[in-house]
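> My structure is in target18.txt, and what it holds is compact mmCIF, C-alpha atoms:
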```
# COMPACT_ATOMS: atom_id res chain seq x y z
CA PRO M 247 45.94 31.41 11.41
CA PRO M 248 43.79 28.72 9.76
CA ASN M 249 44.81 29.68 6.21
CA LEU M 250 48.49 29.42 7.02
CA GLU M 251 47.85 26.04 8.61
CA LYS M 252 46.13 24.91 5.42
CA LEU M 253 49.05 26.21 3.38
CA ALA M 254 51.53 24.27 5.52
CA LYS M 255 49.57 21.04 5.23
CA SER M 256 49.03 21.40 1.49
CA GLU M 257 52.72 22.09 0.88
CA ALA M 258 54.19 19.57 3.31
CA SER M 259 51.82 16.90 4.61
CA ALA M 260 48.15 16.75 5.47
CA ARG M 261 48.95 14.71 8.57
CA MET M 262 51.25 17.25 10.18
CA THR M 263 50.91 17.84 13.90
CA ASP M 264 50.49 21.32 15.35
CA GLU M 265 54.19 21.35 16.31
CA GLN M 266 55.20 20.40 12.78
CA VAL M 267 52.97 23.10 11.36
CA GLU M 268 54.59 25.71 13.58
CA SER M 269 58.03 24.45 12.57
CA TRP M 270 57.15 24.61 8.86
CA LEU M 271 55.74 28.12 9.15
CA GLU M 272 58.83 29.31 11.03
CA GLY M 273 61.13 27.68 8.50
CA ASN M 274 59.37 29.37 5.59
CA GLY M 275 59.17 32.90 6.95
CA PHE M 276 55.54 32.92 8.11
CA SER M 277 56.23 33.22 11.82
CA SER M 278 57.01 36.96 11.74
CA SER M 279 54.39 39.70 12.05
CA VAL M 280 52.07 40.74 9.24
CA LEU M 281 53.81 44.11 8.81
CA THR M 282 57.21 42.45 8.59
CA ARG M 283 56.06 39.97 5.98
CA TYR M 284 54.39 42.78 4.02
CA GLY M 285 57.62 44.77 4.10
CA GLU M 286 59.55 41.74 2.84
CA TRP M 287 57.02 41.18 0.06
CA LEU M 288 57.14 44.86 -0.87
CA GLY M 289 60.94 44.88 -0.81
CA VAL M 290 61.51 47.58 1.81
CA LEU M 291 62.75 45.10 4.42
CA PRO M 292 65.49 42.45 4.00
CA GLY M 293 64.24 38.97 3.17
CA TRP M 294 64.02 36.46 6.01
CA THR M 295 66.73 33.84 6.60
CA ARG M 296 66.64 30.67 8.71
CA THR M 297 69.23 28.09 9.74
CA ASP M 298 67.91 24.59 10.41
CA ALA M 299 69.33 21.96 12.76
CA THR M 300 71.71 20.65 10.10
CA GLY M 301 73.19 24.09 9.50
CA LYS M 302 71.48 24.62 6.16
CA ILE M 303 70.59 28.25 5.53
CA THR M 304 67.36 29.08 3.72
CA GLY M 305 65.71 32.41 3.05
CA ARG M 306 63.32 34.41 0.91
CA CYS M 307 66.02 35.84 -1.31
CA LEU M 308 68.19 32.71 -1.22
CA ASN M 309 65.44 30.65 -2.80
CA ARG M 310 65.45 32.83 -5.93
CA ILE M 311 69.08 32.57 -7.05
CA ALA M 312 71.12 29.97 -8.86
CA PRO M 313 73.89 28.12 -6.96
CA GLY M 314 77.01 30.23 -6.64
CA GLU M 315 75.30 33.59 -7.12
CA GLU M 316 75.47 36.33 -4.50
CA PRO M 317 72.05 36.57 -2.81
CA PRO M 318 70.44 40.00 -2.66
CA SER M 319 69.32 41.43 0.65
CA TYR M 320 66.03 42.75 -0.72
CA CYS M 321 63.83 40.74 -3.07
CA GLY M 322 60.31 42.14 -3.18
CA VAL M 323 57.93 43.80 -5.59
CA LEU M 324 60.05 46.95 -5.77
CA GLN M 325 62.93 44.79 -7.00
CA GLY M 326 60.71 43.09 -9.59
CA ASP M 327 60.27 39.87 -7.62
CA TRP M 328 56.59 38.98 -7.13
CA GLY M 329 57.35 35.76 -5.30
CA TRP M 330 56.72 32.10 -5.97
CA SER M 331 53.31 30.56 -6.66
CA THR M 332 52.68 27.59 -4.39
CA VAL M 333 49.85 26.36 -6.64
CA PHE M 334 51.44 26.64 -10.08
CA LYS M 335 55.02 26.00 -8.89
CA GLN M 336 56.25 28.90 -11.01
CA PRO M 337 57.24 32.51 -10.42
CA VAL M 338 54.13 34.63 -9.90
CA ALA M 339 55.18 37.07 -12.63
CA GLU M 340 55.24 34.32 -15.26
CA VAL M 341 51.82 32.92 -14.31
CA LEU M 342 50.27 36.38 -14.05
CA SER M 343 51.63 37.60 -17.39
CA ARG M 344 50.32 34.49 -19.14
CA SER M 345 46.87 34.69 -17.54
CA LEU M 346 46.58 38.43 -18.20
CA SER M 347 47.36 37.88 -21.88
CA TYR M 348 44.50 35.38 -22.12
CA THR M 349 42.12 37.70 -20.27
CA GLY M 350 43.28 40.62 -22.41
CA TRP M 351 42.00 38.89 -25.54
CA LEU M 352 38.73 38.07 -23.82
CA MET M 353 38.22 41.66 -22.66
CA LEU M 354 39.17 43.02 -26.10
CA TRP M 355 36.52 40.99 -27.89
CA VAL M 356 33.96 41.70 -25.19
CA MET M 357 34.46 45.44 -25.66
CA ILE M 358 34.34 45.09 -29.47
CA VAL M 359 30.98 43.35 -29.19
CA MET M 360 29.57 45.18 -26.18
CA VAL M 361 30.29 48.85 -26.87
CA PRO M 362 28.93 49.29 -30.45
CA THR M 363 25.91 47.07 -29.75
CA SER M 364 24.94 48.81 -26.52
CA LEU M 365 25.41 52.30 -27.96
CA ALA M 366 23.30 51.44 -31.00
CA LEU M 367 20.52 49.99 -28.85
CA GLY M 368 20.60 52.95 -26.47
CA VAL M 369 20.49 55.53 -29.26
CA LEU M 370 17.64 53.75 -31.05
CA ALA M 371 15.64 53.52 -27.84
CA GLY M 372 16.29 57.13 -26.84
CA MET M 373 15.54 58.68 -30.23
CA ARG M 374 11.80 58.22 -29.80
CA GLU M 375 10.97 57.94 -26.11
CA GLY M 376 7.87 55.89 -25.40
CA SER M 377 7.69 54.26 -28.83
CA ARG M 378 7.34 50.51 -29.38
CA THR M 379 11.03 50.29 -30.27
CA ASP M 380 11.92 52.05 -27.03
CA ARG M 381 9.79 49.69 -24.94
CA VAL M 382 11.13 46.54 -26.61
CA LEU M 383 14.79 47.59 -26.36
CA SER M 384 14.39 48.86 -22.79
CA THR M 385 12.79 45.56 -21.75
CA PHE M 386 15.68 43.66 -23.35
CA ALA M 387 18.23 45.88 -21.59
CA ILE M 388 16.61 45.41 -18.18
CA ALA M 389 16.36 41.63 -18.69
CA THR M 390 20.03 41.28 -19.61
CA THR M 391 21.16 43.49 -16.75
CA ALA M 392 19.13 41.44 -14.29
CA THR M 393 20.65 38.16 -15.51
CA PRO M 394 24.03 37.36 -13.86
CA GLU M 395 26.83 35.76 -15.86
CA TYR M 396 26.57 32.36 -14.21
CA VAL M 397 22.91 32.13 -15.25
CA SER M 398 23.32 33.34 -18.83
CA GLY M 399 26.44 31.20 -19.22
CA VAL M 400 24.61 28.03 -18.19
CA ILE M 401 21.72 28.93 -20.50
CA PHE M 402 24.09 29.47 -23.44
CA ILE M 403 25.83 26.15 -22.78
CA ALA M 404 22.51 24.30 -22.54
CA LEU M 405 21.10 25.89 -25.70
CA LEU M 406 24.17 26.07 -27.93
CA ALA M 407 26.85 23.72 -26.59
CA SER M 408 25.00 20.62 -25.42
CA ALA M 409 24.85 17.43 -27.49
CA THR M 410 21.62 16.33 -25.80
CA ALA M 411 19.67 19.59 -25.30
CA GLY M 412 19.11 22.88 -27.04
CA ILE M 413 19.40 23.40 -30.79
CA SER M 414 22.67 21.50 -31.36
CA PRO M 415 21.05 18.01 -31.62
CA VAL M 416 18.51 19.39 -34.10
CA LEU M 417 21.19 21.02 -36.25
CA ALA M 418 23.36 17.89 -36.11
CA GLU M 419 20.44 15.68 -37.14
CA MET M 420 19.70 17.98 -40.08
CA GLY M 421 23.36 17.90 -41.09
CA TRP M 422 23.89 21.63 -40.71
CA ILE M 423 26.86 21.27 -38.35
CA GLU M 424 29.81 18.89 -38.57
CA GLY M 425 30.26 18.05 -34.86
CA LYS M 426 27.73 17.27 -32.17
CA THR M 427 27.45 20.84 -30.87
CA LEU M 428 27.24 24.25 -32.49
CA PHE M 429 29.58 25.93 -29.98
CA GLN M 430 32.17 24.42 -27.70
CA GLY M 431 31.14 24.37 -24.05
CA THR M 432 34.71 24.97 -22.91
CA ALA M 433 37.14 27.69 -23.98
CA THR M 434 40.30 25.77 -23.10
CA SER M 435 41.21 25.30 -26.77
CA ALA M 436 40.90 29.07 -27.28
CA MET M 437 44.17 29.52 -25.39
CA ASP M 438 45.97 27.88 -28.32
CA GLY M 439 43.90 29.50 -31.06
CA LEU M 440 40.81 31.70 -31.01
CA THR M 441 37.87 30.75 -33.16
CA PHE M 442 34.27 31.91 -33.21
CA TRP M 443 33.10 28.49 -32.05
CA ASN M 444 35.38 28.06 -29.03
CA PHE M 445 35.39 31.71 -27.93
CA GLY M 446 31.91 32.93 -28.82
CA LEU M 447 30.07 31.79 -25.69
CA PRO M 448 32.44 33.40 -23.11
CA VAL M 449 32.36 36.67 -25.04
CA MET M 450 28.57 36.67 -25.33
CA THR M 451 28.14 35.73 -21.67
CA ILE M 452 30.16 38.70 -20.43
CA ALA M 453 29.00 41.15 -23.08
CA LEU M 454 25.31 40.46 -22.54
CA TYR M 455 25.27 41.93 -19.04
CA GLY M 456 27.25 45.02 -20.04
CA ILE M 457 25.15 45.61 -23.16
CA GLY M 458 22.00 46.09 -21.10
CA TYR M 459 23.65 48.40 -18.58
CA ILE M 460 25.37 50.67 -21.13
CA ALA M 461 22.28 50.68 -23.36
CA ARG M 462 20.11 51.93 -20.50
CA MET M 463 22.57 54.71 -19.66
CA THR M 464 22.82 55.69 -23.34
CA ARG M 465 19.06 55.67 -23.70
CA ALA M 466 18.64 57.95 -20.68
CA SER M 467 21.28 60.34 -21.98
CA MET M 468 19.79 60.35 -25.49
CA THR M 469 16.30 60.97 -24.15
CA GLU M 470 17.52 63.96 -22.15
CA VAL M 471 19.38 65.44 -25.13
CA MET M 472 16.38 65.06 -27.45
CA THR M 473 14.32 67.30 -25.15
CA GLN M 474 16.87 70.14 -25.16
CA GLN M 475 15.94 73.54 -26.59
CA TYR M 476 18.52 73.50 -29.40
CA ILE M 477 17.08 70.22 -30.70
CA ARG M 478 13.60 71.73 -30.80
CA THR M 479 14.95 74.81 -32.54
CA ALA M 480 16.64 72.68 -35.20
CA ARG M 481 13.42 70.74 -35.78
CA LEU M 482 11.41 73.99 -36.09
CA LYS M 483 13.90 75.24 -38.69
CA GLY M 484 13.06 72.24 -40.81
CA VAL M 485 16.13 70.12 -40.18
CA GLY M 486 15.38 66.44 -40.79
CA PHE M 487 15.03 64.09 -37.83
CA ARG M 488 17.96 61.91 -38.93
CA GLU M 489 20.24 64.92 -39.37
CA VAL M 490 19.23 66.28 -35.97
CA VAL M 491 20.12 62.98 -34.33
CA MET M 492 23.41 62.40 -36.15
CA LYS M 493 24.80 65.96 -36.15
CA HIS M 494 23.40 67.54 -33.01
CA ALA M 495 22.18 64.99 -30.48
CA LEU M 496 24.49 62.02 -30.86
CA ARG M 497 27.76 63.60 -29.71
CA ASN M 498 26.26 65.17 -26.61
CA ALA M 499 24.36 61.98 -25.82
CA LEU M 500 27.56 59.90 -25.86
CA ILE M 501 29.38 61.98 -23.22
CA ALA M 502 27.77 60.25 -20.24
CA PRO M 503 28.04 56.69 -21.65
CA PHE M 504 31.79 57.19 -22.13
CA THR M 505 32.26 57.29 -18.36
CA VAL M 506 30.02 54.25 -17.98
CA ILE M 507 32.04 52.36 -20.59
CA MET M 508 35.30 53.07 -18.78
CA LEU M 509 33.72 51.83 -15.56
CA GLN M 510 33.14 48.47 -17.25
CA PHE M 511 36.84 47.55 -17.13
CA PRO M 512 36.94 47.04 -13.34
CA TRP M 513 33.64 45.20 -13.60
CA LEU M 514 35.05 42.98 -16.35
CA LEU M 515 37.70 41.74 -13.92
CA ASN M 516 34.88 40.52 -11.66
CA GLY M 517 32.93 39.11 -14.60
CA VAL M 518 35.85 37.08 -15.91
CA VAL M 519 36.21 35.33 -12.54
CA ILE M 520 32.82 33.65 -13.08
CA VAL M 521 33.01 33.19 -16.84
CA GLU M 522 36.59 31.90 -16.99
CA THR M 523 35.83 29.38 -14.27
CA LEU M 524 32.60 28.32 -15.99
CA TYR M 525 34.29 27.84 -19.38
CA ASN M 526 37.64 26.64 -17.96
CA TYR M 527 39.50 29.49 -19.65
CA LYS M 528 42.74 29.91 -17.73
CA GLY M 529 42.97 33.67 -17.60
CA PHE M 530 43.13 36.16 -14.76
CA GLY M 531 39.81 35.18 -13.21
CA TRP M 532 40.55 31.44 -13.31
CA THR M 533 44.00 32.07 -11.80
CA LEU M 534 42.47 34.17 -9.02
CA VAL M 535 40.00 31.40 -8.15
CA GLN M 536 42.77 28.79 -8.07
CA ALA M 537 44.93 31.00 -5.86
CA ALA M 538 42.09 31.77 -3.45
CA GLY M 539 41.05 28.15 -3.19
CA ASN M 540 44.57 26.91 -2.49
CA ASN M 541 45.92 29.69 -0.21
CA ASP M 542 48.43 30.93 -2.78
CA ILE M 543 49.28 34.11 -0.89
CA ASN M 544 51.78 35.59 -3.34
CA MET M 545 49.45 35.08 -6.29
CA LEU M 546 46.52 36.63 -4.41
CA LEU M 547 48.62 39.68 -3.58
CA ALA M 548 49.70 40.07 -7.20
CA CYS M 549 46.11 39.74 -8.45
CA SER M 550 45.02 42.40 -5.97
CA VAL M 551 47.69 44.79 -7.22
CA VAL M 552 46.59 44.23 -10.82
CA ALA M 553 42.93 44.83 -9.95
CA VAL M 554 43.71 48.07 -8.12
CA PHE M 555 45.96 49.24 -10.97
CA VAL M 556 43.23 48.61 -13.56
CA VAL M 557 40.68 50.56 -11.50
CA LEU M 558 43.00 53.54 -11.03
CA VAL M 559 44.08 53.70 -14.69
CA THR M 560 40.56 53.39 -16.10
CA GLN M 561 39.25 56.05 -13.72
CA LEU M 562 42.06 58.37 -14.76
CA ILE M 563 41.33 57.80 -18.46
CA SER M 564 37.64 58.34 -17.76
CA ASP M 565 38.24 61.70 -16.08
CA ILE M 566 40.64 62.90 -18.77
CA GLY M 567 38.38 61.73 -21.59
CA TYR M 568 35.36 63.42 -20.05
CA VAL M 569 37.18 66.75 -20.11
CA PHE M 570 37.89 66.42 -23.83
CA LEU M 571 34.37 65.26 -24.69
CA ASN M 572 32.55 67.91 -22.65
CA PRO M 573 33.50 71.46 -23.75
CA ARG M 574 31.77 72.98 -20.72
CA ILE M 575 34.16 71.20 -18.35
CA ARG M 576 37.18 72.18 -20.44
CA LEU M 577 36.20 75.87 -20.57
CA ALA M 578 35.54 75.92 -16.84
```
Mind turning this structure into C-alpha cells?

Amino acid sequence: PPNLEKLAKSEASARMTDEQVESWLEGNGFSSSVLTRYGEWLGVLPGWTRTDATGKITGRCLNRIAPGEEPPSYCGVLQGDWGWSTVFKQPVAEVLSRSLSYTGWLMLWVMIVMVPTSLALGVLAGMREGSRTDRVLSTFAIATTATPEYVSGVIFIALLASATAGISPVLAEMGWIEGKTLFQGTATSAMDGLTFWNFGLPVMTIALYGIGYIARMTRASMTEVMTQQYIRTARLKGVGFREVVMKHALRNALIAPFTVIMLQFPWLLNGVVIVETLYNYKGFGWTLVQAAGNNDINMLLACSVVAVFVVLVTQLISDIGYVFLNPRIRLA
C-alpha cells in the first residue's frame, strides 16, 4: 500500500527501489495480512520474527527487551505494549500519556470557562423569550456556533497576539503592556507553566464555539420550562419572578443541557486537533496530526482507542446522570 511505502522510505531511505521497499516491509513485519498484524498489535497472536541473511533474528517482541532478557511471545495492547512511535522515536504509551496530560489541562480550563458562561447566557435568554436580551444573546450564540475554531483562532491571534495588527501595538505604544503583544500567539510555553497570557487564546478559541451551542440548547430548554403550567400557577399565586426561575424552572431547565455538555467531550477531541496545531500546543490533537502526517501507525491506533474510550465513557456518564437528574426516568 502507498502509506506503507511512505513509511518504509521515511524510516530507511527516500531513494529505495521497489525491491528494497518490499524487503524492508518484510523485515519489519508489514508483509503479513491485515488481520494478522491486528492480532499481533492486540496481543492475541505471537509477535512476528524474521531472520536476515546474516543470521540475525529480529521480531516485534524482541525489539522491546533489553539484551539478555527472555523475549515474550505476545507483546500487544493486552500485555500493556502499545508499540513504538516511528515519529517520536519513543514508546507510544509515553508519548500518549504526555500529550493527554497537556490536553487534559486544556479541556479542564475550556470546561471551566465554557459551561458556566453558556448556562448563564442560555438561562438569561430563555427567561424572557422574545425580549431584547433574548435576541442579543441568541444572535451571539448563533454567530459563535457558526464560526469554526480555525477562523476564530486566527482572528484572536490577529487582534490580541500580533505586534503589527490588532490592539497590541496600541497598548504597547500607550505603555499598558510590557511586551509587544497582549497575549502570546503560541501556547508552547504553556507546557512548562500555564499562565493567562500564554494559555488564554487556545481556551477562548475552543470555548467560544461550545458556548454558543450549549447556550442555544439551554435557552430552548428554559423557554419550554417557563411555559409549563406549574410555572404559571406559581406566578398566579404571587411568587416573584426571580424565585420562580431559581427554585422551580432552573433545575428542570438544566436537565437537557447536561446531556449536551457531556457530548462536548468527544467534540473537544476534534476541536483540540485544530487549536493545538494552530497554537503549537503539543497535546493529543497535535500528536494525532503528526502521526497522521508521518504514517505513524502505532500512534494512530492508540489515538483511535483513546477517542473511542472517551466517547463511550462520556455517553455512559451522560445516561447515568440523566437518570439522576430526571425523576420521571428514575421512577419509570
> So, counting only C-alpha atoms, which residue among M:Ala371, M:Leu291, M:Cys321, M:Leu428 is closest to Ser408 of chain M?
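Going through M:Ala371, M:Leu291, M:Cys321, M:Leu428 one by one, the smallest distance to Ser408 of chain M is for M:Leu428.
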> What does the structure give for the distance between atom CA of Tyr348 of chain M and atom CA of Phe530 of chain M, in Å to one decimal?
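Distance reported for this atom pair: 7.5 Å.
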> Would you mind telling me which residue in M:Leu352, M:Thr410, M:Leu440, M:Val557 lies nearest to Val521 of chain M when using all atoms listed in the file?
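Residue with the minimum atom-to-atom distance to Val521 of chain M: M:Leu352.
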> Can you tell me which residues surround Leu250 of chain M at a distance of at most 9 Å, considering only C-alpha atoms, apart from same-chain residues fewer than 4 positions away, and format the answer as a list in words?
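Residues meeting the cut-off are Ala254, Lys255, Val267, Leu271, Phe276 and Asn541 of chain M.
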> Between M:Ile501, M:Ala409, M:Leu367, M:Ile401, which residue has the minimum interatomic distance to Val569 of chain M, considering only C-alpha atoms?
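That would be M:Ile501, the residue with the smallest distance to Val569 of chain M.
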> Find the residue from M:Met463, M:Leu524, M:Met373, M:Ala502 that sits nearest to Ile477 of chain M; use all atoms listed in the file when measuring.
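Residue with the minimum atom-to-atom distance to Ile477 of chain M: M:Met373.
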> Between M:Gly376, M:Pro503, M:Gly314, M:Gly431, single out the one closest to Phe445 of chain M, counting only C-alpha atoms.
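Selected residue with least distance to Phe445 of chain M: M:Gly431.
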> Which is closest to Ile520 of chain M among M:Thr379, M:Asn572, M:Thr363, M:Thr451, if we use all atoms listed in the file?
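Closest to Ile520 of chain M, using all atoms listed in the file: M:Thr451.
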> Name all residues at most 12 Å from Val552 of chain M (count all atoms listed in the file; drop same-chain ones fewer than 2 positions away) and give them as a list in words.
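My list of contacting residues is Trp328, Ala339, Leu342, Ser343, Ser345, Leu346, Pro512, Leu515, Phe530, Gly531, Leu534, Met545, Leu546, Leu547, Ala548, Cys549, Ser550, Val554, Phe555, Val556, Val557, Leu558 and Val559 of chain M.
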